[in-house]
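Colleague: The file below is data-v5.cif, mmCIF, C-alpha atoms:
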```cif
data_coords
#
loop_
_atom_site.label_atom_id
_atom_site.label_comp_id
_atom_site.auth_asym_id
_atom_site.auth_seq_id
_atom_site.Cartn_x
_atom_site.Cartn_y
_atom_site.Cartn_z
CA MET A 1 60.72 37.25 90.50
CA GLY A 2 59.80 40.30 88.46
CA SER A 3 57.49 38.26 86.28
CA ALA A 4 55.40 37.12 89.19
CA GLY A 5 52.01 38.77 89.44
CA SER A 6 51.96 40.67 92.68
CA GLU A 7 48.71 42.53 92.61
CA PRO A 8 46.53 41.26 95.42
CA ARG A 9 42.98 40.50 94.44
CA SER A 10 41.57 40.26 97.90
CA GLY A 11 42.43 40.56 101.55
CA ARG A 12 43.58 36.98 101.47
CA HIS A 13 46.80 37.76 99.73
CA LEU A 14 49.98 39.02 101.28
CA ALA A 15 51.20 42.53 100.56
CA PRO A 16 53.62 42.69 97.60
CA THR A 17 56.30 43.90 100.03
CA VAL A 18 56.41 40.51 101.77
CA GLN A 19 59.53 38.69 100.66
CA ARG A 20 59.95 35.88 103.10
CA SER A 21 58.14 33.68 105.53
CA VAL A 22 58.84 31.93 108.79
CA LYS A 23 56.77 29.72 111.01
CA VAL A 24 56.19 28.90 114.60
CA LEU A 25 54.60 25.67 115.76
CA VAL A 26 51.87 26.04 118.33
CA VAL A 27 51.80 22.69 120.02
CA GLY A 28 49.64 21.22 122.71
CA ALA A 29 47.06 18.66 123.69
CA TYR A 30 43.55 18.81 122.33
CA GLY A 31 41.43 21.65 123.69
CA VAL A 32 44.29 23.45 125.37
CA GLY A 33 43.85 26.68 123.41
CA LYS A 34 46.13 26.42 120.38
CA THR A 35 43.53 27.74 117.97
CA THR A 36 42.52 30.45 120.44
CA LEU A 37 46.08 31.75 120.50
CA ILE A 38 46.42 31.57 116.72
CA GLY A 39 43.13 33.38 116.22
CA ALA A 40 44.10 36.11 118.68
CA VAL A 41 47.26 36.93 116.70
CA SER A 42 46.34 36.14 113.11
CA GLU A 43 45.55 38.88 110.58
CA ILE A 44 43.40 36.43 108.59
CA PRO A 45 40.60 34.21 109.87
CA VAL A 46 42.05 30.94 111.21
CA LEU A 47 42.37 28.48 108.35
CA SER A 48 42.40 24.74 108.47
CA THR A 49 43.77 21.96 106.34
CA GLU A 50 43.07 18.32 106.74
CA GLU A 51 45.95 15.94 106.52
CA THR A 52 45.67 12.21 106.31
CA VAL A 53 47.81 10.11 108.57
CA THR A 54 48.17 6.52 107.48
CA ALA A 55 49.58 3.34 108.90
CA ALA A 56 52.68 2.89 106.80
CA SER A 57 54.41 0.15 108.72
CA VAL A 58 53.26 -2.53 106.31
CA GLY A 59 53.81 -2.68 102.55
CA VAL A 60 51.35 -0.62 100.60
CA ASP A 61 49.45 -2.01 97.68
CA PRO A 62 48.09 0.99 95.81
CA ARG A 63 45.39 -1.18 94.24
CA LEU A 64 43.91 -1.77 97.65
CA GLY A 65 43.55 1.92 98.19
CA GLU A 66 43.06 3.25 101.67
CA LYS A 67 44.76 1.58 104.52
CA SER A 68 44.01 2.44 108.07
CA THR A 69 43.81 6.22 107.91
CA THR A 70 42.75 9.07 110.05
CA THR A 71 42.32 12.72 109.28
CA VAL A 72 43.88 15.41 111.40
CA ALA A 73 42.84 19.02 111.07
CA MET A 74 45.61 21.58 111.37
CA ASP A 75 44.60 25.12 112.21
CA PHE A 76 46.87 27.94 111.25
CA GLY A 77 47.05 31.69 110.95
CA ARG A 78 49.31 34.40 109.62
CA VAL A 79 50.63 37.74 110.70
CA THR A 80 52.87 40.10 108.75
CA VAL A 81 55.77 41.39 110.83
CA GLY A 82 58.02 44.28 109.93
CA GLY A 83 56.39 44.68 106.52
CA ALA A 84 58.51 42.13 104.67
CA THR A 85 58.04 38.91 106.60
CA ALA A 86 55.01 36.66 106.96
CA LEU A 87 54.93 34.74 110.22
CA TYR A 88 52.82 31.59 110.07
CA LEU A 89 51.46 29.96 113.19
CA PHE A 90 50.76 26.27 112.71
CA GLY A 91 48.73 24.57 115.38
CA THR A 92 49.57 20.92 115.69
CA PRO A 93 48.57 18.22 118.10
CA GLY A 94 51.77 17.17 119.80
CA GLN A 95 51.02 13.62 120.77
CA LYS A 96 53.24 10.83 119.62
CA ARG A 97 50.67 9.33 117.31
CA PHE A 98 50.56 12.55 115.29
CA TRP A 99 54.29 12.84 114.96
CA ASP A 100 54.27 11.77 111.29
CA LEU A 101 52.15 14.74 110.50
CA TRP A 102 54.18 17.45 112.10
CA ALA A 103 57.68 16.05 111.66
CA GLY A 104 57.83 17.78 108.28
CA LEU A 105 56.36 20.92 109.79
CA ALA A 106 59.20 21.28 112.28
CA ASP A 107 61.82 21.78 109.55
CA GLY A 108 62.91 25.38 109.48
CA ALA A 109 60.60 26.51 112.28
CA VAL A 110 61.59 29.37 114.58
CA GLY A 111 60.52 27.24 117.50
CA ALA A 112 57.65 25.58 119.26
CA LEU A 113 55.26 27.36 121.57
CA VAL A 114 53.78 24.74 123.88
CA VAL A 115 50.36 25.63 125.22
CA VAL A 116 49.62 24.18 128.63
CA ASP A 117 46.51 23.83 130.78
CA THR A 118 47.56 23.50 134.42
CA ARG A 119 44.48 21.38 135.14
CA ARG A 120 45.77 18.80 132.69
CA LEU A 121 49.51 19.19 133.00
CA GLU A 122 50.10 15.49 132.37
CA ASP A 123 48.82 15.96 128.80
CA SER A 124 51.85 18.19 128.14
CA PHE A 125 54.49 15.64 129.10
CA GLU A 126 54.10 13.67 125.89
CA VAL A 127 54.20 16.84 123.80
CA LEU A 128 57.42 18.04 125.44
CA ASP A 129 58.96 14.57 125.19
CA GLN A 130 58.23 14.45 121.48
CA LEU A 131 59.80 17.84 120.90
CA GLU A 132 62.90 16.90 122.80
CA GLU A 133 63.20 13.53 121.11
CA HIS A 134 62.65 14.60 117.52
CA THR A 135 63.69 18.22 117.18
CA ARG A 136 66.22 20.76 118.33
CA LEU A 137 63.67 23.55 118.19
CA PRO A 138 63.72 26.33 120.76
CA VAL A 139 60.76 25.77 123.06
CA ALA A 140 58.72 28.17 125.17
CA VAL A 141 55.77 27.25 127.35
CA VAL A 142 52.68 29.36 127.76
CA VAL A 143 50.12 28.57 130.42
CA ASN A 144 46.66 29.31 129.12
CA GLU A 145 44.92 30.97 132.04
CA PHE A 146 41.41 29.70 131.64
CA PRO A 147 39.03 31.81 133.72
CA ASP A 148 38.14 28.90 136.00
CA ALA A 149 41.63 27.39 136.31
CA PRO A 150 43.70 27.80 139.47
CA ARG A 151 46.78 30.03 139.10
CA HIS A 152 50.27 28.63 139.50
CA PRO A 153 53.51 30.63 139.47
CA PRO A 154 55.67 30.01 136.35
CA ASP A 155 58.43 28.41 138.43
CA ALA A 156 55.98 25.84 139.78
CA VAL A 157 54.98 24.99 136.23
CA ARG A 158 58.63 24.79 135.24
CA THR A 159 59.33 22.35 138.05
CA ALA A 160 56.23 20.29 137.36
CA LEU A 161 57.16 19.96 133.69
CA ASP A 162 60.86 19.43 134.47
CA LEU A 163 61.84 22.17 132.03
CA PRO A 164 65.42 23.41 131.49
CA ASP A 165 66.25 26.64 133.34
CA ASP A 166 66.44 28.69 130.17
CA THR A 167 63.05 27.64 128.79
CA PRO A 168 60.73 30.65 128.96
CA VAL A 169 57.49 30.06 130.85
CA VAL A 170 54.80 32.70 130.51
CA ALA A 171 51.11 32.79 131.31
CA GLY A 172 48.15 34.64 129.96
CA ASP A 173 44.58 34.65 128.77
CA LEU A 174 45.23 33.59 125.20
CA ARG A 175 42.00 35.09 123.95
CA GLU A 176 43.69 38.45 124.43
CA ARG A 177 45.85 39.48 121.50
CA ARG A 178 48.41 41.27 123.64
CA GLN A 179 48.99 38.25 125.84
CA ALA A 180 49.14 35.87 122.90
CA VAL A 181 51.68 38.16 121.23
CA GLU A 182 53.74 38.28 124.42
CA ALA A 183 53.90 34.49 124.45
CA LEU A 184 55.21 34.56 120.88
CA GLN A 185 57.72 37.24 121.84
CA ALA A 186 59.02 35.02 124.63
CA LEU A 187 59.60 32.19 122.18
CA VAL A 188 61.25 34.32 119.50
CA ALA A 189 63.47 36.08 122.07
CA HIS A 190 64.55 32.64 123.27
CA ALA A 191 65.32 31.65 119.66
CA VAL A 192 67.36 34.85 119.22
CA ARG A 193 69.43 34.03 122.31
CA ARG A 194 69.89 30.46 121.17
CA ALA A 195 71.15 31.76 117.81
CA GLY A 196 73.77 33.85 119.61
CA GLY A 197 71.97 37.17 119.58
CA SER A 198 71.20 39.43 122.47
CA VAL A 199 67.77 40.56 123.50
CA ALA A 200 67.02 43.92 125.03
CA ALA A 201 64.76 43.70 128.06
CA MET B 1 44.10 4.56 115.82
CA ALA B 2 46.98 3.45 113.71
CA THR B 3 50.42 4.91 113.76
CA GLY B 4 52.94 5.09 110.97
CA THR B 5 56.68 5.28 110.98
CA PRO B 6 58.12 8.78 111.17
CA THR B 7 59.74 8.55 107.78
CA ASP B 8 56.84 7.06 105.84
CA GLY B 9 53.58 8.24 107.23
CA TYR B 10 53.64 11.86 106.22
CA ARG B 11 54.23 11.03 102.58
CA ASP B 12 51.47 8.48 102.32
CA HIS B 13 48.15 9.39 100.80
CA PRO B 14 44.94 7.55 100.06
CA VAL B 15 43.95 6.70 96.52
CA ARG B 16 42.18 9.92 95.68
CA SER B 17 45.41 11.89 95.95
CA TYR B 18 47.29 9.50 93.69
CA VAL B 19 44.70 9.97 90.98
CA LEU B 20 44.85 13.77 91.20
CA THR B 21 48.62 13.78 90.92
CA GLY B 22 48.93 11.18 88.21
CA GLY B 23 50.05 8.53 90.63
CA ARG B 24 52.79 10.47 92.38
CA ALA B 25 52.99 11.07 96.08
CA HIS B 26 56.13 13.20 96.03
CA PRO B 27 56.57 16.66 94.63
CA SER B 28 59.20 17.12 91.96
CA ARG B 29 61.09 19.44 94.27
CA ASN B 30 61.50 19.25 98.01
CA THR B 31 61.80 22.96 98.68
CA LEU B 32 58.08 23.56 99.13
CA ARG B 33 57.07 23.86 102.73
CA PRO B 34 53.69 24.80 104.17
CA GLU B 35 54.97 28.36 104.69
CA THR B 36 56.63 28.70 101.28
CA LEU B 37 55.22 31.76 99.51
CA LEU B 38 53.86 31.25 96.01
CA CYS B 39 52.40 33.52 93.36
CA ALA B 40 50.98 32.86 89.93
CA VAL B 41 53.17 34.07 87.05
CA ASP B 42 51.22 36.71 85.20
CA ASP B 43 52.64 36.50 81.70
CA GLY B 44 49.43 35.76 79.82
CA ARG B 45 50.41 32.19 79.11
CA GLU B 46 47.50 29.75 79.30
CA LEU B 47 47.67 26.38 81.00
CA PRO B 48 47.71 23.44 78.58
CA VAL B 49 44.28 22.18 77.57
CA GLY B 50 44.92 18.97 79.46
CA ALA B 51 45.49 20.72 82.79
CA GLY B 52 43.16 19.63 85.55
CA ARG B 53 40.62 21.74 87.38
CA HIS B 54 42.72 21.67 90.54
CA GLU B 55 45.69 23.21 88.74
CA ARG B 56 43.42 25.90 87.33
CA ALA B 57 41.84 26.58 90.71
CA LEU B 58 45.27 26.74 92.28
CA LEU B 59 46.53 29.39 89.86
CA GLU B 60 43.30 31.36 90.15
CA THR B 61 43.58 31.38 93.95
CA CYS B 62 47.23 32.34 93.81
CA ARG B 63 46.90 35.57 91.81
CA GLY B 64 48.48 37.26 94.80
CA THR B 65 51.06 35.87 97.19
CA LEU B 66 49.97 33.05 99.47
CA ALA B 67 51.71 30.31 101.40
CA LEU B 68 51.32 26.72 100.31
CA ALA B 69 49.24 25.93 103.40
CA GLU B 70 46.85 28.80 102.63
CA LEU B 71 46.39 27.49 99.10
CA ALA B 72 45.58 24.07 100.50
CA ALA B 73 43.05 25.51 102.93
CA TYR B 74 41.28 27.58 100.27
CA LEU B 75 41.29 24.67 97.81
CA ARG B 76 40.17 22.26 100.55
CA LEU B 77 42.91 19.80 99.68
CA PRO B 78 45.69 18.32 101.83
CA THR B 79 48.87 20.41 101.91
CA SER B 80 50.92 17.42 100.82
CA LEU B 81 48.80 17.05 97.70
CA VAL B 82 48.86 20.75 96.85
CA ALA B 83 52.66 20.58 97.17
CA VAL B 84 52.73 18.09 94.30
CA LEU B 85 50.43 20.19 92.13
CA ALA B 86 52.27 23.43 92.92
CA SER B 87 55.62 21.84 92.26
CA ASP B 88 54.55 20.86 88.75
CA LEU B 89 53.24 24.37 88.11
CA VAL B 90 56.55 25.85 89.28
CA ASP B 91 58.40 23.48 86.94
CA GLY B 92 56.12 24.59 84.10
CA GLY B 93 56.76 28.27 84.83
CA TYR B 94 53.15 29.02 85.79
CA LEU B 95 53.83 29.54 89.47
CA ALA B 96 56.74 31.34 91.14
CA ILE B 97 58.28 30.72 94.53
CA ARG B 98 58.40 34.11 96.27
CA SER B 99 60.33 33.03 99.32
CA GLN B 100 63.18 30.67 99.84
CA ALA B 101 62.68 28.31 102.73
CA PRO B 102 65.48 28.80 105.22
CA HIS B 103 67.81 25.88 105.54
CA ASP B 104 67.76 24.33 108.97
CA LEU B 105 66.94 27.07 111.46
CA PRO B 106 66.17 30.66 110.47
CA GLY B 107 69.16 33.02 110.74
CA LEU B 108 69.69 35.57 113.48
CA ASP B 109 68.77 38.54 111.28
CA LEU B 110 65.41 37.02 110.46
CA LEU B 111 64.71 36.10 114.08
CA GLU B 112 65.53 39.64 115.21
CA GLU B 113 63.28 41.10 112.55
CA VAL B 114 60.41 38.91 113.70
CA LEU B 115 60.98 39.85 117.33
CA ASP B 116 61.10 43.56 116.49
CA GLY B 117 57.93 43.18 114.44
CA LEU B 118 56.09 41.44 117.28
CA ARG B 119 57.16 44.13 119.73
CA ARG B 120 55.66 46.82 117.54
CA PHE B 121 52.15 45.35 117.77
#
```
Let's see the structure in the file written out as structure tokens.

Modeller:
Amino acid sequence: MGSAGSEPRSGRHLAPTVQRSVKVLVVGAYGVGKTTLIGAVSEIPVLSTEETVTAASVGVDPRLGEKSTTTVAMDFGRVTVGGATALYLFGTPGQKRFWDLWAGLADGAVGALVVVDTRRLEDSFEVLDQLEEHTRLPVAVVVNEFPDAPRHPPDAVRTALDLPDDTPVVAGDLRERRQAVEALQALVAHAVRRAGGSVAA
Amino acid sequence: MATGTPTDGYRDHPVRSYVLTGGRAHPSRNTLRPETLLCAVDDGRELPVGAGRHERALLETCRGTLALAELAAYLRLPTSLVAVLASDLVDGGYLAIRSQAPHDLPGLDLLEEVLDGLRRF
């Protein structure tokens, strides 16, 4: 890659030392705090792309143009870890009807961090079901402790969501960088263990 | 709202995208992911006269290393469309892939590096 220009022109660009990239999916129902978490960790302002989801169950005639389509915004951020690796955080709505959009995103991901609001726990069932049905990604759950939400111990959340014993459940105010980072650490540590590694306490 | 099938929906685009990509919905290579790192090749070679404004804007934006998804966000185009444009530019030697997407799940060494990095924040 010696011919590739590597001189950054602005703060947008990654440092020339960055050689590889990985991603984490930040998944959850609308309004649960996905973008808050991404923004708390990201070294760049949260970016957004719009993707079009179409009804593809019937034959497509390109001459007719648009079929039934909807646009889904995906927020994402980036943080450089260890100097040589860019970690991307992709926020995706986890509901079944958006599966088309994020199916491709799940390929090669470190794992999925599921953001949960205990006042709307039922919204998380579909997200967790989709992950289980369609991927083998390591999953960790983070309860976004909204200031006005009642507190529940992690084990209560685990039981309510019927999570496997080894699924990490953490909680925090996701506006705080340290707590958002800790949620990511819980997921990546889980992924390390799943990959056969050991994690120091 | 409408739903698509898992295998088809993500690759389907409205008309505008087909026009921009010369009628193609699929990139010429399937190794480009939203997190794939890209960088313009700085060898002084000019794009062909017939190149579109989106290709030019893409290369201009990618003078330093960026992921495909970042390019899409800055260009205000869908990631799936920018994948097609970027793929052509890689084929033409104007754009270089700086990272290789890991096959299946990332390896243990990479996971440990990420964990160590997060713990140092």

Colleague: Using the chain letters and numbering of this document, enumerate as a VMD selection string the residues selected by the PyMOL selection byres ((chain A and resi 184-189) around 10).

Modeller: (chain A and resid 24 26 37 41 89 110 to 114 138 to 142 167 to 170 178 to 183 190 to 195 197 to 201) or (chain B and resid 111 to 119)

Colleague: Rounded to one decimal in Å, what is the spacing between atom CA of Gly31 of chain A and atom CA of Arg175 of chain A?

Modeller: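 About the pair atom CA of Gly31 of chain A and atom CA of Arg175 of chain A: they are 13.5 Å apart.
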
Colleague: Determine the residue set returned by the PyMOL selection byres ((chain B and resi 48-55) around 9) for the present structure, and present it as a ChimeraX atom specification.

Modeller: /B:20,46-47,56-60,75,82,85-86,89

Colleague: Which residues fall under the PyMOL selection byres ((chain A and resi 19) around 10) in this file, as a CSV table (one decimal) with C-alpha atoms, in the frame of the given file?

Modeller:
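Heads up, here's the output in result_1.csv:
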```csv
chain,number,residue,atom,x,y,z
A,14,LEU,CA,50.0,39.0,101.3
A,15,ALA,CA,51.2,42.5,100.6
A,16,PRO,CA,53.6,42.7,97.6
A,17,THR,CA,56.3,43.9,100.0
A,18,VAL,CA,56.4,40.5,101.8
A,20,ARG,CA,60.0,35.9,103.1
A,21,SER,CA,58.1,33.7,105.5
A,83,GLY,CA,56.4,44.7,106.5
A,84,ALA,CA,58.5,42.1,104.7
A,85,THR,CA,58.0,38.9,106.6
A,86,ALA,CA,55.0,36.7,107.0
B,37,LEU,CA,55.2,31.8,99.5
B,65,THR,CA,51.1,35.9,97.2
B,98,ARG,CA,58.4,34.1,96.3
B,99,SER,CA,60.3,33.0,99.3
B,100,GLN,CA,63.2,30.7,99.8
```

Colleague: Counting all atoms listed in the file, which of A:Leu87, A:Leu25, A:Leu163, A:Leu47 gets nearest to Leu71 of chain B?

Modeller: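 Checking each of A:Leu87, A:Leu25, A:Leu163, A:Leu47 against Leu71 of chain B, counting all atoms listed in the file, the winner is A:Leu47.
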
Colleague: Using only C-alpha atoms - which residues lie no farther than 8 Å from the point (52.5, 33.5, 91.8) in the file's frame? Write them as an mmCIF file with C-alpha atoms, in the coordinates of the input.

Modeller:
```
data_model
loop_
_atom_site.group_PDB
_atom_site.id
_atom_site.type_symbol
_atom_site.label_atom_id
_atom_site.label_comp_id
_atom_site.auth_asym_id
_atom_site.auth_seq_id
_atom_site.Cartn_x
_atom_site.Cartn_y
_atom_site.Cartn_z
ATOM 1 C CA ALA A 4 55.400 37.120 89.190
ATOM 2 C CA GLY A 5 52.010 38.770 89.440
ATOM 3 C CA SER A 6 51.960 40.670 92.680
ATOM 4 C CA LEU B 38 53.860 31.250 96.010
ATOM 5 C CA CYS B 39 52.400 33.520 93.360
ATOM 6 C CA ALA B 40 50.980 32.860 89.930
ATOM 7 C CA VAL B 41 53.170 34.070 87.050
ATOM 8 C CA ASP B 42 51.220 36.710 85.200
ATOM 9 C CA LEU B 59 46.530 29.390 89.860
ATOM 10 C CA CYS B 62 47.230 32.340 93.810
ATOM 11 C CA ARG B 63 46.900 35.570 91.810
ATOM 12 C CA GLY B 64 48.480 37.260 94.800
ATOM 13 C CA THR B 65 51.060 35.870 97.190
ATOM 14 C CA TYR B 94 53.150 29.020 85.790
ATOM 15 C CA LEU B 95 53.830 29.540 89.470
ATOM 16 C CA ALA B 96 56.740 31.340 91.140
ATOM 17 C CA ILE B 97 58.280 30.720 94.530
ATOM 18 C CA ARG B 98 58.400 34.110 96.270
#
```

Colleague: Between B:Leu66, B:Gly92, B:Asp109, B:Ala83, which one has atoms that come closest to chain A, using all atoms listed in the file?

Modeller: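 Among the listed residues, the smallest separation from chain A belongs to B:Leu66.
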
Colleague: Just checking: using only C-alpha atoms, which residue out of B:Ala73, B:Val90, B:Leu32, B:Leu68 ends up closest to chain A?

Modeller: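 Using only C-alpha atoms, chain A sits closest to B:Ala73.
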
Colleague: Provide the atom CA of Pro45 of chain A to atom CA of Lys23 of chain A distance in Å, to one decimal place.

Modeller: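 About the pair atom CA of Pro45 of chain A and atom CA of Lys23 of chain A: they are 16.8 Å apart.
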
Colleague: Let me make sure I understand: among A:Lys34, A:Arg120, A:Arg177, A:Arg151, which one has the smallest atom-to-atom distance to chain B if we use all atoms listed in the file?

Modeller: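 Of A:Lys34, A:Arg120, A:Arg177, A:Arg151, the one nearest chain B, counting all atoms listed in the file, is A:Arg177.
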
Colleague: For a test of reading the model, state the distance in Å between atom CA of Val46 of chain A and atom CA of Gly77 of chain A, rounded to one decimal.

Modeller: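 Between atom CA of Val46 of chain A and atom CA of Gly77 of chain A the gap works out to 5.1 Å.
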
Colleague: Neighbouring residues of Ser42 of chain A were defined as those with any atom within 6 Å, considering only C-alpha atoms; residues of the same chain fewer than 4 positions away were excluded. Please report them as an MDAnalysis selection string.

Modeller: chainID A and resid 38 77:79

Colleague: Of the candidates A:Leu128, A:Gly28, A:Phe146, A:Leu137, which shows the shortest atom-to-atom distance to chain B, using all atoms listed in the file?

Modeller: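 Selected residue with least distance to chain B: A:Leu137.
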